[in-house]
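A.B. asks: Encoded as C-alpha cells, here's the structure I'll be asking about.
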Amino acid sequence: MAPSARPPRPSHPRRFGTSILPILLLLAVLILVAVSVGSWLQFTERQANDTVHAVGSGAADRVDVEATVQSVDAAARELVLRIRATPRGALGEEAGTAPVADLSLQTSEATLSDLTFRAHQRLAPKDVQVALTGGSISDYPFDAYEADIEFWALLGGDQVPVRMLFSNNATLFSVSTTTPAASGREAVVGLRLSRSGSLLVFAVFMMVVMWALAASVLLGAWYLTTRSEGLVWPALAWMAATLFALAAFRNTAPGTPPIGCVLDWFAFLWAETVIALCLITVVTTGVRSALRAAPHADDTPVL
C-alpha cells in the first residue's frame, strides 16, 4: 500500500515588522547621534565666533576700539576689519559718541590705513583692510594665515590709553589670538586664521563623495566591459552626467577656491580622470561588441 502524501503545510505571510524594527531602531539611534554631534559642533563654533578678546589698558580715561573681522579674502591675502572707537571717561562726550578733541587711531604696518575723527563729531564705524602673511590659498581647505593688529591713539596730539575688543564675524574662518608684549597705552593682538570647522568638514565630505562617485563609475565600467554588454545607453548617460555633474559639485566648495588647490589634487582631478577613462573604455568595448554581434552582409539569406 502506497504511503499517503503529507498535506502541504499552510503558508503563513511573512512578518516584516520583526526584521525591520531593529533596522529602524538602529537608524533612529544613528540619526540621533549625528544630530547631537552636529549640534555640539555648531554650538562650539558659534561660541568661538561670539567670544570677545579684550587687550590693552583698563584705565578709566581711555579709548575703546571694537575691532571685528567682517570678511577674509584669501586670494587677495587680506581681511576687512570693522573699527568702532569709543572714548571713555574724560576723553569723550555725549556718552562716548564723540571725542573732546581730534582723535587719531594709529595702526600697525599690516593695516593699510590709519583712522582720524574730528572733535565733537559723532564717531561712525569704519572699515579697514589688513594684510595677511603666511599660508597660501592653494592649501585649501587646510590653509592658514597670520596677522598682527595694533592700535594706539592720539587725542589732541597726546597719546592716550587704548583697549581693544576683538571679535570675529567671518563665518568661513576661525580665529585664534595671541597677546604679544606691549606698553600700557597700546593694544596689540596677534591673529591666526584658519578655515572654520564646518567648512573643513564639508570640504573633506566633498573629497570623499568625489572618490565614491569615481569608484561607482569604475565598478560599472568593469561590469559592462567584462560582460560584453555592448552599448548600454542608460549607463553611458549616467557616466557622462557624472562627469559633468562632478565639475558643478566642485564649484560649490565654499570660499571659491581656485583650480589647483589641495581639494583638486586630492580628489577632483583624479576622479574626473577616472570617470573620463571609464566612459571612453565602455564606449570602445561596446562598439567592438556591437560590431562583432552584427550580421555580415554576406550572411543575409536570399529569398
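By convention here, the chains of the C-alpha cells are called A, B, ... in the order presented, each chain's residues are numbered starting at 1, and ligands are numbered starting at 1 in the order presented.
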Given only C-alpha atoms, how would the per-residue table for region 133-161 of chain A near region 262-265 of chain A read, listing every residue at most 9 Å away with its closest atom pair and distance in Å to one decimal, sorted by chain and number, as a tab-separated table?

C.D. replies:
residue	atom	partner	partner_atom	distance
A:Ser138	CA	A:Val262	CA	6.4
A:Asp139	CA	A:Val262	CA	5.4
A:Tyr140	CA	A:Val262	CA	5.6
A:Pro141	CA	A:Val262	CA	7.0
A:Phe142	CA	A:Val262	CA	8.0

A.B. asks: Write to file, as a CSV table (one decimal), in the first residue's frame, the residues of the selection just made, with N, CA and C atoms.

C.D. replies:
chain,number,residue,atom,x,y,z
A,138,SER,N,46.3,77.9,-2.2
A,138,SER,CA,46.5,76.6,-2.8
A,138,SER,C,46.4,75.5,-1.8
A,139,ASP,N,46.5,75.8,-0.5
A,139,ASP,CA,46.4,74.7,0.5
A,139,ASP,C,45.0,74.5,0.9
A,140,TYR,N,44.0,75.1,0.3
A,140,TYR,CA,42.6,75.0,0.6
A,140,TYR,C,42.2,73.5,0.7
A,141,PRO,N,41.5,73.0,1.7
A,141,PRO,CA,40.9,73.7,2.8
A,141,PRO,C,41.7,73.7,4.1
A,142,PHE,N,43.0,73.5,3.9
A,142,PHE,CA,43.9,73.4,5.1
A,142,PHE,C,44.8,74.6,5.2

A.B. asks: Mind checking DSSP for region 181-210 of chain A and telling me the alpha helix (DSSP H) residues as a PDB file with N, CA, C and O atoms, in the first residue's frame?

C.D. replies:
ATOM      1  N   GLY A 197      35.533  74.973  11.223  1.00  0.00           N
ATOM      2  CA  GLY A 197      35.314  73.540  11.321  1.00  0.00           C
ATOM      3  C   GLY A 197      34.245  73.041  10.370  1.00  0.00           C
ATOM      4  O   GLY A 197      34.390  71.974   9.759  1.00  0.00           O
ATOM      5  N   SER A 198      33.162  73.798  10.208  1.00  0.00           N
ATOM      6  CA  SER A 198      32.097  73.372   9.300  1.00  0.00           C
ATOM      7  C   SER A 198      32.575  73.351   7.860  1.00  0.00           C
ATOM      8  O   SER A 198      32.242  72.433   7.092  1.00  0.00           O
ATOM      9  N   LEU A 199      33.375  74.347   7.468  1.00  0.00           N
ATOM     10  CA  LEU A 199      33.910  74.348   6.107  1.00  0.00           C
ATOM     11  C   LEU A 199      34.860  73.180   5.895  1.00  0.00           C
ATOM     12  O   LEU A 199      34.834  72.526   4.842  1.00  0.00           O
ATOM     13  N   LEU A 200      35.697  72.897   6.882  1.00  0.00           N
ATOM     14  CA  LEU A 200      36.645  71.800   6.755  1.00  0.00           C
ATOM     15  C   LEU A 200      35.917  70.465   6.625  1.00  0.00           C
ATOM     16  O   LEU A 200      36.282  69.610   5.788  1.00  0.00           O
ATOM     17  N   VAL A 201      34.874  70.255   7.414  1.00  0.00           N
ATOM     18  CA  VAL A 201      34.100  69.017   7.338  1.00  0.00           C
ATOM     19  C   VAL A 201      33.443  68.884   5.970  1.00  0.00           C
ATOM     20  O   VAL A 201      33.454  67.812   5.349  1.00  0.00           O
ATOM     21  N   PHE A 202      32.886  69.983   5.466  1.00  0.00           N
ATOM     22  CA  PHE A 202      32.209  69.926   4.169  1.00  0.00           C
ATOM     23  C   PHE A 202      33.203  69.662   3.040  1.00  0.00           C
ATOM     24  O   PHE A 202      32.913  68.897   2.109  1.00  0.00           O
ATOM     25  N   ALA A 203      34.381  70.280   3.099  1.00  0.00           N
ATOM     26  CA  ALA A 203      35.382  70.060   2.060  1.00  0.00           C
ATOM     27  C   ALA A 203      35.868  68.612   2.058  1.00  0.00           C
ATOM     28  O   ALA A 203      36.033  67.998   0.991  1.00  0.00           O
ATOM     29  N   VAL A 204      36.102  68.041   3.233  1.00  0.00           N
ATOM     30  CA  VAL A 204      36.507  66.633   3.311  1.00  0.00           C
ATOM     31  C   VAL A 204      35.379  65.728   2.813  1.00  0.00           C
ATOM     32  O   VAL A 204      35.620  64.726   2.103  1.00  0.00           O
ATOM     33  N   PHE A 205      34.140  66.068   3.145  1.00  0.00           N
ATOM     34  CA  PHE A 205      32.992  65.307   2.639  1.00  0.00           C
ATOM     35  C   PHE A 205      32.932  65.358   1.113  1.00  0.00           C
ATOM     36  O   PHE A 205      32.640  64.342   0.460  1.00  0.00           O
ATOM     37  N   MET A 206      33.237  66.513   0.524  1.00  0.00           N
ATOM     38  CA  MET A 206      33.245  66.629  -0.930  1.00  0.00           C
ATOM     39  C   MET A 206      34.292  65.708  -1.551  1.00  0.00           C
ATOM     40  O   MET A 206      34.038  65.041  -2.564  1.00  0.00           O
ATOM     41  N   MET A 207      35.471  65.642  -0.946  1.00  0.00           N
ATOM     42  CA  MET A 207      36.512  64.763  -1.483  1.00  0.00           C
ATOM     43  C   MET A 207      36.103  63.296  -1.392  1.00  0.00           C
ATOM     44  O   MET A 207      36.351  62.507  -2.312  1.00  0.00           O
ATOM     45  N   VAL A 208      35.468  62.912  -0.281  1.00  0.00           N
ATOM     46  CA  VAL A 208      35.002  61.531  -0.137  1.00  0.00           C
ATOM     47  C   VAL A 208      33.946  61.213  -1.191  1.00  0.00           C
ATOM     48  O   VAL A 208      33.953  60.130  -1.814  1.00  0.00           O
ATOM     49  N   VAL A 209      33.019  62.132  -1.420  1.00  0.00           N
ATOM     50  CA  VAL A 209      31.969  61.914  -2.423  1.00  0.00           C
ATOM     51  C   VAL A 209      32.565  61.796  -3.816  1.00  0.00           C
ATOM     52  O   VAL A 209      32.142  60.955  -4.628  1.00  0.00           O
ATOM     53  N   MET A 210      33.560  62.629  -4.131  1.00  0.00           N
ATOM     54  CA  MET A 210      34.186  62.552  -5.454  1.00  0.00           C
ATOM     55  C   MET A 210      34.812  61.188  -5.699  1.00  0.00           C
ATOM     56  O   MET A 210      34.638  60.580  -6.762  1.00  0.00           O
TER      57      MET A 210
END

A.B. asks: One decimal, Å: what's the distance from CA of Asp73 (chain A) over to CA of Ile149 (chain A), could you say?

C.D. replies: 16.8 Å

A.B. asks: Using only C-alpha atoms, which protein or nucleic acid residues come within 10 Å of region 106-123 of chain A? Drop anything in the same chain fewer than 3 positions from it, and give the result as a ChimeraX atom specification.

C.D. replies: /A:78-81,83-87,92-94,96-103,126-133,147-156,186-188

A.B. asks: Write out as a ChimeraX atom specification each polymer residue whose atoms come within 6 Å of region 47-63 of chain A, counting only C-alpha atoms; drop sequence neighbours fewer than 3 positions from it.

C.D. replies: /A:44,86-90,161-168,184,186-187

A.B. asks: Restricting the output to N, CA and C atoms, write the selected residues as a compact mmCIF listing (two decimals), in the first residue's frame.

C.D. replies:
# COMPACT_ATOMS: atom_id res chain seq x y z
N THR A 44 29.73 74.94 19.63
CA THR A 44 31.10 75.33 19.96
C THR A 44 31.64 76.34 18.95
N THR A 86 35.38 104.32 20.76
CA THR A 86 34.53 104.92 21.79
C THR A 86 35.42 105.52 22.87
N PRO A 87 35.50 106.85 22.98
CA PRO A 87 36.29 107.46 24.07
C PRO A 87 35.55 107.36 25.39
N ARG A 88 36.27 106.96 26.44
CA ARG A 88 35.67 106.77 27.75
C ARG A 88 36.16 107.84 28.71
N GLY A 89 35.37 108.05 29.75
CA GLY A 89 35.75 108.99 30.81
C GLY A 89 35.84 110.41 30.30
N ALA A 90 36.93 111.07 30.69
CA ALA A 90 37.11 112.48 30.32
C ALA A 90 37.48 112.67 28.86
N PRO A 161 45.60 106.04 26.60
CA PRO A 161 45.49 104.57 26.68
C PRO A 161 44.42 104.03 25.73
N VAL A 162 44.64 102.79 25.28
CA VAL A 162 43.73 102.14 24.34
C VAL A 162 43.43 100.73 24.84
N ARG A 163 42.17 100.34 24.73
CA ARG A 163 41.77 98.96 24.97
C ARG A 163 41.06 98.45 23.72
N MET A 164 41.48 97.29 23.22
CA MET A 164 40.89 96.71 22.02
C MET A 164 39.99 95.54 22.39
N LEU A 165 38.80 95.52 21.81
CA LEU A 165 37.83 94.44 21.97
C LEU A 165 37.71 93.76 20.61
N PHE A 166 38.35 92.60 20.48
CA PHE A 166 38.43 91.93 19.18
C PHE A 166 37.42 90.78 19.12
N SER A 167 36.76 90.64 17.96
CA SER A 167 35.81 89.55 17.72
C SER A 167 35.84 89.18 16.25
N ASN A 168 35.26 88.03 15.95
CA ASN A 168 35.27 87.51 14.58
C ASN A 168 33.85 87.33 14.09
N GLY A 184 51.66 99.94 28.22
CA GLY A 184 50.34 100.10 28.81
C GLY A 184 49.39 100.94 28.00
N GLU A 186 49.14 100.91 24.57
CA GLU A 186 48.87 100.31 23.27
C GLU A 186 48.04 99.04 23.44
N ALA A 187 47.40 98.64 22.34
CA ALA A 187 46.64 97.37 22.30
C ALA A 187 47.12 96.59 21.10

A.B. asks: Could you state the separation of CA of Arg292 (chain A) and CA of Pro234 (chain A) in Å, given to one decimal place?

C.D. replies: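 If I compute the distance from CA of Arg292 (chain A) to CA of Pro234 (chain A), I get 21.2 Å.
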
A.B. asks: Pick out the residues sitting within 9 Å of Leu224 (chain A), and hand them over as a ChimeraX atom specification; count only C-alpha atoms, and ignore anything fewer than 6 positions along from it in its own chain.

C.D. replies: /A:230-232,235,282,285-286

A.B. asks: Applying 9 Å and only C-alpha atoms, which residues near Ala247 (chain A) remain after dropping the ones on its own chain fewer than 5 positions away? List them as a PyMOL selection string.

C.D. replies: chain A and resi 242+268+272

A.B. asks: Kindly give the distance, in Å, that separates CA of Leu269 (chain A) and CA of Ala221 (chain A), rounded to a single decimal.

C.D. replies: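 Atom-to-atom, CA of Leu269 (chain A) and CA of Ala221 (chain A) are spaced 18.8 Å apart.
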
A.B. asks: Go through A:Ile23, A:Leu277, A:Ala267, A:Leu32 and flag the residue nearest Arg250 (chain A), using only C-alpha atoms for the distances.

C.D. replies: A:Ala267

A.B. asks: Considering only C-alpha atoms, state which residue in the set A:Phe249, A:Trp40, A:Phe173, A:Tyr145 is at the smallest distance from Arg77 (chain A).

C.D. replies: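 Smallest separation from Arg77 (chain A) among the options: A:Tyr145.
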
A.B. asks: Which is closest to Ser196 (chain A) among A:Leu236, A:Ala95, A:Ala170, A:Ala271, if we use only C-alpha atoms?

C.D. replies: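 Under the stated criterion, the closest residue is A:Ala170.
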